Amino acid sequence: MASPMPTPTHRVKRRRLDLSPPPHLNDLADELLFLILDRAAAHDPRALKSFSLVSRACHAAESRHRRVLRPFRPDLLPAALARYPALSRLDLSLCPRLPDAALAALPAAPSVSAVDLSRSRGFGAAGLAALVAACPNLTDLDLSNGLDLGDAAAAEVAKARRLQRLSLSRCKRITDMGLGCIAVGCPDLRELSLKWCIGVTHLGLDLLALKCNKLNILDLSYTMIVKKCFPAIMKLQSLQVLLLVGCNGIDDDALTSLDQECSKSLQVLDMSNYYNVTHVGVLSIVKAMPNLLELNLSYCSPVTPSMSSSFEMIHKLQTLKLDGCQFMDDGLKSIGKSCVSLRELSLSKCSGVTDTDLSFVVPRLKNLLKLDVTCCRKITDVSLAAITTSCPSLISLRMESCSLVSSKGLQLIGRRCTHLEELDLTDTDLDDEGLKALSGCSKLSSLKIGICLRITDEGLRHVSKSCPDLRDIDLYRSGAISDEGVTHIAQGCPMLESINLSYCTKLTDCSLRSLSKCIKLNTLEIRGCPMVSSAGLSEIATGCRLLSKLDIKKCFEINDMGMIFLSQFSHNLRQINLSYCSVTDIGLISLSSICGLQNMTIVHLAGVTPNGLIAALMVCGLRKVKLHEAFKSMVPSHMLKVVEARGCLFQWINKPYQVAVEPCDVWKQQSQDLLVQ
Amino acid sequence: MASNATRNTDPDQQGVRFSSTDQPPCFARPGQSFPAFPPLFGVQSSSLYLPDDIEAKIGNQFESNPSPNNPTMDWDPQAMLSNLSFLEQKIKQVKDIVQSMSNRESQVAGGSSEAQAKQQLVTADLTCIIIQLISTAGSLLPSMKNPISSNPALRHLSNTLCAPMILGTNCNLRPSANDEATIPDISKTHDYEELMNSLNTTQAESDEMMNCQNPCGGEGSEPIPMEDHDVKESDDGGERENLPPGSYVVLQLEKEEILAPHTHFCLICGKGFKRDANLRMHMRGHGDEYKTAAALAKPSKDSSSESAPVTRYSCPYVGCKRNKEHKKFQPLKTILCVKNHYKRSHCDKSYTCSRCNTKKFSVIADLKTHEKHCGRDKWLCSCGTTFSRKDKLFGHVALFQGHTPALPMDDIKVTGASEQPQGSEAMNTMVGSAGYNFPGSSSDDIPNLDMKMADDPRYFSPLSFDPCFGGLDDFTRPGFDISENPFSFLPSGSCSFGQQNGDS
């Protein structure tokens, strides 16, 4: 680790050395061995593969140990299941194309209890029948995004008698018939998601409520449910979580019908995106569900004092989300009076939140841990002073775009709220002094300070010293920072998983070289850093082997060489944006050898020809590709169809070619001007 | 509307309209009513003229009509007497005319066009006389204290007689309004009908008279089958009516006539036609009154109810209860009833339901009704019980342990078919030859392909297919065949491409 430039061969050698004294695996009890393997896997998931390659015994031990399998190729499933007898979770999210035949070939796998098919397509009722037959102990099944699954598929799912968790999100073709089959067939169901199942009506829900009385979590978001469905929902005696986002069939009238009902078990209710529910409906909800812990009324009707005071009836309320609501008169103030037990308050994008309101409310919420005042643009230092003095135990504070708060005010955050784990100060007046003040926040794990033009390397040095647990840092458009600052962060925050350095135009390969030491890094965004080249990217590729998301749009210096390194080392890469890079066909084709790559954005890639593009697309098993519209006519359409047939979605972009990157201050000024308008 | 109708039925106006057509004014100025006819009628022509007092009365009646409480209409024994004598006189006149006509006919047996023209004129005269007869007779009734115009029967009659003239110009005269007005006066109508019947009997010997009566009777109060032929009868004849035998005319159509694909039927002889125009041409053969422009025009809803002999129909199938020979004969109300009854009871059931392949029908409308509830709408439980309504099925499933909603078999069949479409070889070789296809996925590539194509609306156009992909449409067809789609009942927004695609 100490060597400045660890080459791949060097690292492999080291691992071999570690393991080379052949352990007498037979002497070790499986339990102990598994503990060791768990540790190893937690440190670096790839360690298990290395381990299994050591010897036959290691291979066998690793086979016995493995619980989760995420295969790339569905055709190898029979062999894989045979190898891992203790497998409990089968995650097929890397198989975009999963034909019925692949599922039909599954051998009996009694150990498998969870299967994730949410990102696969191409299978139908026949495949599900085979799956259910092969996995008799299936308890957990995710069929989200099964747009082409219908009632026949649901009827097959219903044969999995032990099913406890089932997601049918976006299975839009499922109707009451399918739901009825599932309700009758899976009496142990605990969690069910019917999000976007627009064919489901009260008939199906009635049956569900009757047959599956153990249901804990029910998601009915974006369905067509109406008033008639409430009796069924309220009949579920153990229902704890109810998600009803965007059900436009529900209005005040429907909610007032709840007056006779009462659910003691319900703890979480999400009713965001209702336009036709007023304080009358809210009052009915509050009466019917007295034990709520979490209530989400985001993007609903204006919050009036009467609505806020009705929250008083939910004594235990801990989380209240009112994002995007408009506060009338003293609506916010009455929340301070009625919801004293609140731990989390979300007021993001609310209009009508003023200093007087907020400094009235916050001191009354003694238990507040999380506060979100994103885009409450009227608040100033007065509010911030009240927040920081009365809630010193805050663990999350989000105040993006609170532009009236001064840099002095922001210093209060670091001084007083030392328990902060998450801080969002994007687009504020934060400066190095503010960052210096954060030195007390040693638990900080997420720091978002994008579009804060005044921060420099000095500020980052303070952060790196004081926040060793930092996992996520956003430095978007921090134009003043240079390689030095990034190096500080990379050295001080070894746990770093995600970093955004987009449009930090001063950065060079040195930054990437230092970041390559953060071996946990999985997300790297260096969009619009024109001085970064393939050399830097190759450092990242070899160092950050867990990299899964990479944005190198407008990194004009990055060419095929970088891609070759990525294809060689970044086997975990899932998503990449290559627009405006100097990558040609060669780079693209080598990139396509990464099995797990799912999303690719290739717009304005001057060096790529239609032939190279189609060759690359034919090789990788992509799920989604963004391409420039010009390619649509250049690439033979039957080739596109073949690619589509293999599970890939095309998205055609038609943006003008624009190389120039605006300086950060100009950009910020423009965005501020837009706000004034 | 009602006031409008009243205005339109104003006999005064009708009188004017009447006179404005090919017939000379006969009410307003009877003295000059038939200037063209005297040479023809000789002696009789003078007898056509109304006595002045009566004429004046009628004129009065017509003129005074808009004011309902006209005192002159109060019942007067003196007037009654004179009216009665007038009636006698009139009936004699009619007899004379008919007599002369029969003489004339025997003389001009050749049946030249000249004779026909004369006949026509005589008919017109007769019509006029009958109007006068009726109006006078109507005023005789003791119950008839209201102005004539408020007497619906008479109004009807004048309507009918004027109908050919009115029809073209006066379409807003709705029968409904007319009927509404009629309802309070049913008793009077009844009285009047009796009178009319007696009139009919006295004139029964004359063919011409019958023909003349027919236009008023033909478009009688009975619903005309032609107009409501699209109204589906629940049963062959509807519910049993209590018409005493002999109170109606029984028509029996021939089997061929019934089975012919006709929708327009002659109300006189029952002959059927495919087109109404043909029927109208046919009607001319029944009498010259059908030759007028209005009669040849499209029939209007404005058919005044009149004392046509009530017509009922008999089934030609001997032994059938609907056959007139049957002891407990139950007549069929309309021609449509006859058609449906005959097809349902005495014909092969040639229409088979394409969904269940078991139910057969002889009337295509029955098949259509059945298809609405067949197949998809047959809600099925795992125990085999079927329900016509989904909520009933769910109630049943909720009630019994272990029962579960079952999907209809054809659903699954269609699903299976689209999952394993034939002709997928082409695509597989395409995908396979590229070398990137997953082994073992060969049979399954196409539904997905279809899905993806359907995702993009431009692929729906066959144009975008053919040039680039010769053999492709062969195997995409299963995916695109919407008619086989069992999920067409889904909400339209549900998912466009999913519906193309069985249940893969």
# chains A, B, ... in the order shown; residues from 1 in each chain; ligands from 1
>>> closest_atom_pairs(of="chain A", to="chain B", cutoff="8 Å", atoms="only C-alpha atoms", output="tab-separated table")
residue	atom	partner	partner_atom	distance
A:Arg73	CA	B:Phe438	CA	7.8
A:Pro74	CA	B:Phe438	CA	7.9
A:Asp75	CA	B:Pro439	CA	6.5
A:Pro99	CA	B:Ser441	CA	5.8
A:Asp100	CA	B:Asp444	CA	6.8
A:Ala101	CA	B:Ser441	CA	5.7
A:Ala102	CA	B:Ser441	CA	6.6
A:Arg121	CA	B:Asn448	CA	7.7
A:Gly122	CA	B:Asn448	CA	5.5
A:Phe123	CA	B:Ser504	CA	6.0
A:Gly124	CA	B:Ser504	CA	3.8
A:Ala125	CA	B:Ser504	CA	6.2
A:Ala126	CA	B:Ser504	CA	7.8
A:Leu147	CA	B:Gly498	CA	6.3
A:Asp148	CA	B:Gly498	CA	4.8
A:Leu149	CA	B:Asp503	CA	5.9
A:Gly150	CA	B:Asp503	CA	5.5
A:Asp151	CA	B:Leu407	CA	7.6
A:Ala152	CA	B:Asp503	CA	6.7
A:Ala153	CA	B:Asp503	CA	7.3
A:Ala155	CA	B:Ala406	CA	8.0
A:Lys172	CA	B:Ser494	CA	5.8
A:Arg173	CA	B:Ser494	CA	6.7
A:Met177	CA	B:Pro405	CA	6.0
A:Gly178	CA	B:Pro405	CA	7.9
A:Gly180	CA	B:Pro405	CA	6.1
A:Cys181	CA	B:Thr404	CA	5.5
A:Val184	CA	B:Thr404	CA	5.9
A:Gly185	CA	B:Thr404	CA	7.6
A:Ile198	CA	B:Ser494	CA	6.8
A:Gly199	CA	B:Leu490	CA	7.0
A:Leu203	CA	B:Asp391	CA	6.5
A:Gly204	CA	B:Phe394	CA	7.6
A:Leu207	CA	B:Ala398	CA	6.0
A:Leu210	CA	B:Ala398	CA	7.1
A:Lys211	CA	B:Ala398	CA	7.8
A:Met618	CA	B:Tyr436	CA	6.8
A:Val619	CA	B:Tyr436	CA	6.4
A:Ser637	CA	B:Cys468	CA	7.2
A:His638	CA	B:Cys468	CA	6.6
A:Lys641	CA	B:Leu449	CA	7.2
A:Val642	CA	B:Val431	CA	6.3
A:Glu644	CA	B:Lys452	CA	6.2
A:Ala645	CA	B:Leu449	CA	4.4
A:Arg646	CA	B:Asp445	CA	7.8
A:Gly647	CA	B:Asn448	CA	7.7
A:Leu649	CA	B:Lys452	CA	7.9
>>> select_by_dssp(residues="segment 265-366 of chain B", states="strand (DSSP E or B)", output="JSON list (two decimals) with N, CA, C and O atoms, in the first residue's frame")
[["chain", "number", "residue", "atom", "x", "y", "z"],
["B", 265, "PHE", "N", -90.38, -3.55, -44.97],
["B", 265, "PHE", "CA", -91.51, -4.39, -45.30],
["B", 265, "PHE", "C", -92.71, -3.55, -45.67],
["B", 265, "PHE", "O", -92.99, -2.53, -45.04],
["B", 272, "GLY", "N", -90.91, -7.84, -48.41],
["B", 272, "GLY", "CA", -89.74, -7.21, -47.82],
["B", 272, "GLY", "C", -88.78, -6.67, -48.86],
["B", 272, "GLY", "O", -88.72, -7.18, -49.98],
["B", 273, "PHE", "N", -88.06, -5.68, -48.48],
["B", 273, "PHE", "CA", -87.08, -5.07, -49.37],
["B", 273, "PHE", "C", -85.79, -4.79, -48.63],
["B", 273, "PHE", "O", -85.80, -4.53, -47.42],
["B", 311, "THR", "N", -102.68, -4.97, -37.38],
["B", 311, "THR", "CA", -102.09, -6.08, -38.13],
["B", 311, "THR", "C", -101.22, -6.92, -37.20],
["B", 311, "THR", "O", -100.45, -6.39, -36.42],
["B", 312, "ARG", "N", -101.39, -8.17, -37.28],
["B", 312, "ARG", "CA", -100.54, -9.10, -36.55],
["B", 312, "ARG", "C", -100.04, -10.15, -37.53],
["B", 312, "ARG", "O", -100.60, -10.33, -38.60],
["B", 313, "TYR", "N", -99.01, -10.85, -37.13],
["B", 313, "TYR", "CA", -98.37, -11.75, -38.08],
["B", 313, "TYR", "C", -98.41, -13.18, -37.58],
["B", 313, "TYR", "O", -98.42, -13.44, -36.38],
["B", 314, "SER", "N", -98.39, -14.03, -38.55],
["B", 314, "SER", "CA", -98.44, -15.45, -38.23],
["B", 314, "SER", "C", -97.17, -16.12, -38.77],
["B", 314, "SER", "O", -96.65, -15.73, -39.81],
["B", 332, "LEU", "N", -97.69, -12.67, -33.79],
["B", 332, "LEU", "CA", -96.44, -11.93, -33.63],
["B", 332, "LEU", "C", -96.69, -10.48, -33.96],
["B", 332, "LEU", "O", -97.42, -10.17, -34.91],
["B", 351, "TYR", "N", -74.70, -19.51, -36.79],
["B", 351, "TYR", "CA", -73.63, -18.64, -36.27],
["B", 351, "TYR", "C", -73.05, -19.26, -35.01],
["B", 351, "TYR", "O", -73.76, -19.43, -34.02],
["B", 352, "THR", "N", -71.79, -19.58, -35.06],
["B", 352, "THR", "CA", -71.13, -20.17, -33.89],
["B", 352, "THR", "C", -70.24, -19.13, -33.24],
["B", 352, "THR", "O", -69.54, -18.40, -33.93],
["B", 360, "LYS", "N", -74.33, -21.72, -30.34],
["B", 360, "LYS", "CA", -74.69, -21.44, -31.72],
["B", 360, "LYS", "C", -75.96, -20.61, -31.74],
["B", 360, "LYS", "O", -76.80, -20.75, -30.85],
["B", 361, "PHE", "N", -76.05, -19.79, -32.77],
["B", 361, "PHE", "CA", -77.20, -18.90, -32.86],
["B", 361, "PHE", "C", -77.67, -18.84, -34.29],
["B", 361, "PHE", "O", -76.91, -19.01, -35.23]]
>>> residues_around(residues="Lys328 of chain B", least_positions_apart="6", cutoff="12 Å", atoms="only C-alpha atoms", output="number ranges by chain")
B: 240, 244-245, 319-322
>>> write_last_selection(atoms="N, CA and C atoms", output="PDB file, in the first residue's frame")
ATOM      1  N   ARG B 240     -97.304 -11.333 -24.293  1.00  0.00           N
ATOM      2  CA  ARG B 240     -98.565 -11.672 -24.934  1.00  0.00           C
ATOM      3  C   ARG B 240     -99.549 -10.500 -24.803  1.00  0.00           C
ATOM      4  N   PRO B 244    -108.353  -9.537 -28.757  1.00  0.00           N
ATOM      5  CA  PRO B 244    -109.330 -10.596 -29.046  1.00  0.00           C
ATOM      6  C   PRO B 244    -109.166 -11.071 -30.480  1.00  0.00           C
ATOM      7  N   PRO B 245    -109.307 -12.358 -30.708  1.00  0.00           N
ATOM      8  CA  PRO B 245    -109.148 -12.864 -32.075  1.00  0.00           C
ATOM      9  C   PRO B 245    -110.159 -12.182 -32.981  1.00  0.00           C
ATOM     10  N   GLY B 319     -98.071 -25.813 -37.077  1.00  0.00           N
ATOM     11  CA  GLY B 319     -97.868 -26.507 -35.814  1.00  0.00           C
ATOM     12  C   GLY B 319     -97.240 -25.630 -34.763  1.00  0.00           C
ATOM     13  N   CYS B 320     -96.672 -24.530 -35.233  1.00  0.00           N
ATOM     14  CA  CYS B 320     -96.055 -23.604 -34.289  1.00  0.00           C
ATOM     15  C   CYS B 320     -97.160 -22.828 -33.586  1.00  0.00           C
ATOM     16  N   LYS B 321     -96.908 -22.492 -32.385  1.00  0.00           N
ATOM     17  CA  LYS B 321     -97.894 -21.744 -31.626  1.00  0.00           C
ATOM     18  C   LYS B 321     -98.151 -20.378 -32.231  1.00  0.00           C
ATOM     19  N   ARG B 322     -97.160 -19.923 -32.958  1.00  0.00           N
ATOM     20  CA  ARG B 322     -97.298 -18.628 -33.602  1.00  0.00           C
ATOM     21  C   ARG B 322     -97.954 -18.741 -34.973  1.00  0.00           C
TER      22      ARG B 322
END
>>> residues_around(residues="Val405 of chain A", least_positions_apart="6", cutoff="10 Å", atoms="only C-alpha atoms", output="count of residues only")
12
>>> residues_around(residues="segment 482-497 of chain A", least_positions_apart="5", cutoff="6 Å", atoms="only C-alpha atoms", output="list in words")
Asp457, Leu460, Arg461, Ser464, Lys465, Pro468, Leu470, Arg471, Asp472, Lys506, Leu507, Ser511, Ser514, Leu515, Cys518, Lys520, Leu521 and Asn522 of chain A
>>> write_last_selection(atoms="N, CA, C and O atoms", output="PDB file, in the first residue's frame")
ATOM      1  N   ASP A 457      -8.591  24.986  -1.896  1.00  0.00           N
ATOM      2  CA  ASP A 457      -7.858  23.822  -1.393  1.00  0.00           C
ATOM      3  C   ASP A 457      -7.690  23.879   0.115  1.00  0.00           C
ATOM      4  O   ASP A 457      -7.693  22.841   0.788  1.00  0.00           O
ATOM      5  N   LEU A 460     -10.651  22.446   1.820  1.00  0.00           N
ATOM      6  CA  LEU A 460     -10.689  20.985   1.681  1.00  0.00           C
ATOM      7  C   LEU A 460      -9.664  20.325   2.609  1.00  0.00           C
ATOM      8  O   LEU A 460      -9.882  19.216   3.086  1.00  0.00           O
ATOM      9  N   ARG A 461      -8.593  21.036   2.842  1.00  0.00           N
ATOM     10  CA  ARG A 461      -7.579  20.487   3.744  1.00  0.00           C
ATOM     11  C   ARG A 461      -8.184  20.320   5.151  1.00  0.00           C
ATOM     12  O   ARG A 461      -7.995  19.284   5.795  1.00  0.00           O
ATOM     13  N   SER A 464     -10.498  17.360   5.118  1.00  0.00           N
ATOM     14  CA  SER A 464      -9.805  16.076   5.094  1.00  0.00           C
ATOM     15  C   SER A 464      -9.228  15.733   6.461  1.00  0.00           C
ATOM     16  O   SER A 464      -9.139  14.565   6.832  1.00  0.00           O
ATOM     17  N   LYS A 465      -8.877  16.756   7.200  1.00  0.00           N
ATOM     18  CA  LYS A 465      -8.321  16.496   8.518  1.00  0.00           C
ATOM     19  C   LYS A 465      -9.386  16.054   9.505  1.00  0.00           C
ATOM     20  O   LYS A 465      -9.150  15.206  10.357  1.00  0.00           O
ATOM     21  N   PRO A 468     -12.751  11.956   8.764  1.00  0.00           N
ATOM     22  CA  PRO A 468     -12.159  10.726   8.208  1.00  0.00           C
ATOM     23  C   PRO A 468     -13.198   9.748   7.671  1.00  0.00           C
ATOM     24  O   PRO A 468     -12.860   8.865   6.889  1.00  0.00           O
ATOM     25  N   LEU A 470     -15.728  10.446   5.827  1.00  0.00           N
ATOM     26  CA  LEU A 470     -16.433  10.974   4.650  1.00  0.00           C
ATOM     27  C   LEU A 470     -16.528   9.918   3.541  1.00  0.00           C
ATOM     28  O   LEU A 470     -15.530   9.314   3.166  1.00  0.00           O
ATOM     29  N   ARG A 471     -17.749   9.699   3.107  1.00  0.00           N
ATOM     30  CA  ARG A 471     -17.974   8.720   2.046  1.00  0.00           C
ATOM     31  C   ARG A 471     -18.399   9.383   0.746  1.00  0.00           C
ATOM     32  O   ARG A 471     -18.211   8.833  -0.323  1.00  0.00           O
ATOM     33  N   ASP A 472     -19.014  10.512   0.878  1.00  0.00           N
ATOM     34  CA  ASP A 472     -19.600  11.132  -0.303  1.00  0.00           C
ATOM     35  C   ASP A 472     -19.285  12.617  -0.264  1.00  0.00           C
ATOM     36  O   ASP A 472     -19.655  13.306   0.693  1.00  0.00           O
ATOM     37  N   LYS A 506      -9.620  23.137 -13.037  1.00  0.00           N
ATOM     38  CA  LYS A 506      -8.184  23.169 -12.804  1.00  0.00           C
ATOM     39  C   LYS A 506      -7.584  21.792 -12.598  1.00  0.00           C
ATOM     40  O   LYS A 506      -6.373  21.634 -12.543  1.00  0.00           O
ATOM     41  N   LEU A 507      -8.431  20.807 -12.411  1.00  0.00           N
ATOM     42  CA  LEU A 507      -7.927  19.487 -12.025  1.00  0.00           C
ATOM     43  C   LEU A 507      -7.175  18.822 -13.164  1.00  0.00           C
ATOM     44  O   LEU A 507      -7.533  18.976 -14.334  1.00  0.00           O
ATOM     45  N   SER A 511      -4.950  14.684  -9.563  1.00  0.00           N
ATOM     46  CA  SER A 511      -6.114  14.438  -8.709  1.00  0.00           C
ATOM     47  C   SER A 511      -6.529  12.981  -8.801  1.00  0.00           C
ATOM     48  O   SER A 511      -6.779  12.318  -7.798  1.00  0.00           O
ATOM     49  N   SER A 514      -4.203  10.638  -7.057  1.00  0.00           N
ATOM     50  CA  SER A 514      -4.372  10.560  -5.608  1.00  0.00           C
ATOM     51  C   SER A 514      -5.691   9.872  -5.251  1.00  0.00           C
ATOM     52  O   SER A 514      -5.777   9.120  -4.287  1.00  0.00           O
ATOM     53  N   LEU A 515      -6.725  10.091  -6.057  1.00  0.00           N
ATOM     54  CA  LEU A 515      -8.017   9.441  -5.772  1.00  0.00           C
ATOM     55  C   LEU A 515      -7.938   7.927  -5.940  1.00  0.00           C
ATOM     56  O   LEU A 515      -8.745   7.189  -5.371  1.00  0.00           O
ATOM     57  N   CYS A 518      -8.208   5.688  -3.003  1.00  0.00           N
ATOM     58  CA  CYS A 518      -9.477   5.417  -2.307  1.00  0.00           C
ATOM     59  C   CYS A 518     -10.079   4.168  -2.927  1.00  0.00           C
ATOM     60  O   CYS A 518     -10.836   4.244  -3.903  1.00  0.00           O
ATOM     61  N   LYS A 520     -12.341   2.228  -2.142  1.00  0.00           N
ATOM     62  CA  LYS A 520     -13.795   1.997  -2.083  1.00  0.00           C
ATOM     63  C   LYS A 520     -14.554   2.855  -3.079  1.00  0.00           C
ATOM     64  O   LYS A 520     -15.783   2.755  -3.174  1.00  0.00           O
ATOM     65  N   LEU A 521     -13.844   3.710  -3.748  1.00  0.00           N
ATOM     66  CA  LEU A 521     -14.531   4.628  -4.654  1.00  0.00           C
ATOM     67  C   LEU A 521     -15.358   3.864  -5.687  1.00  0.00           C
ATOM     68  O   LEU A 521     -14.837   3.004  -6.390  1.00  0.00           O
ATOM     69  N   ASN A 522     -16.634   4.164  -5.731  1.00  0.00           N
ATOM     70  CA  ASN A 522     -17.455   3.508  -6.758  1.00  0.00           C
ATOM     71  C   ASN A 522     -18.091   4.507  -7.720  1.00  0.00           C
ATOM     72  O   ASN A 522     -18.597   4.123  -8.763  1.00  0.00           O
TER      73      ASN A 522
END
>>> closest_residue(among="A:Ile395, A:Cys350, A:Leu37, A:Val463", to="Leu297 of chain A", atoms="only C-alpha atoms")
A:Cys350
>>> select_by_dssp(residues="segment 144-241 of chain A", states="helix (DSSP H, G or I)", output="PyMOL selection string")
chain A and resi 151-157+176-185+202-211+227-235
>>> atom_distance(atom1="atom CA of Gln164 of chain A", atom2="atom CA of Gln318 of chain A")
27.5 Å
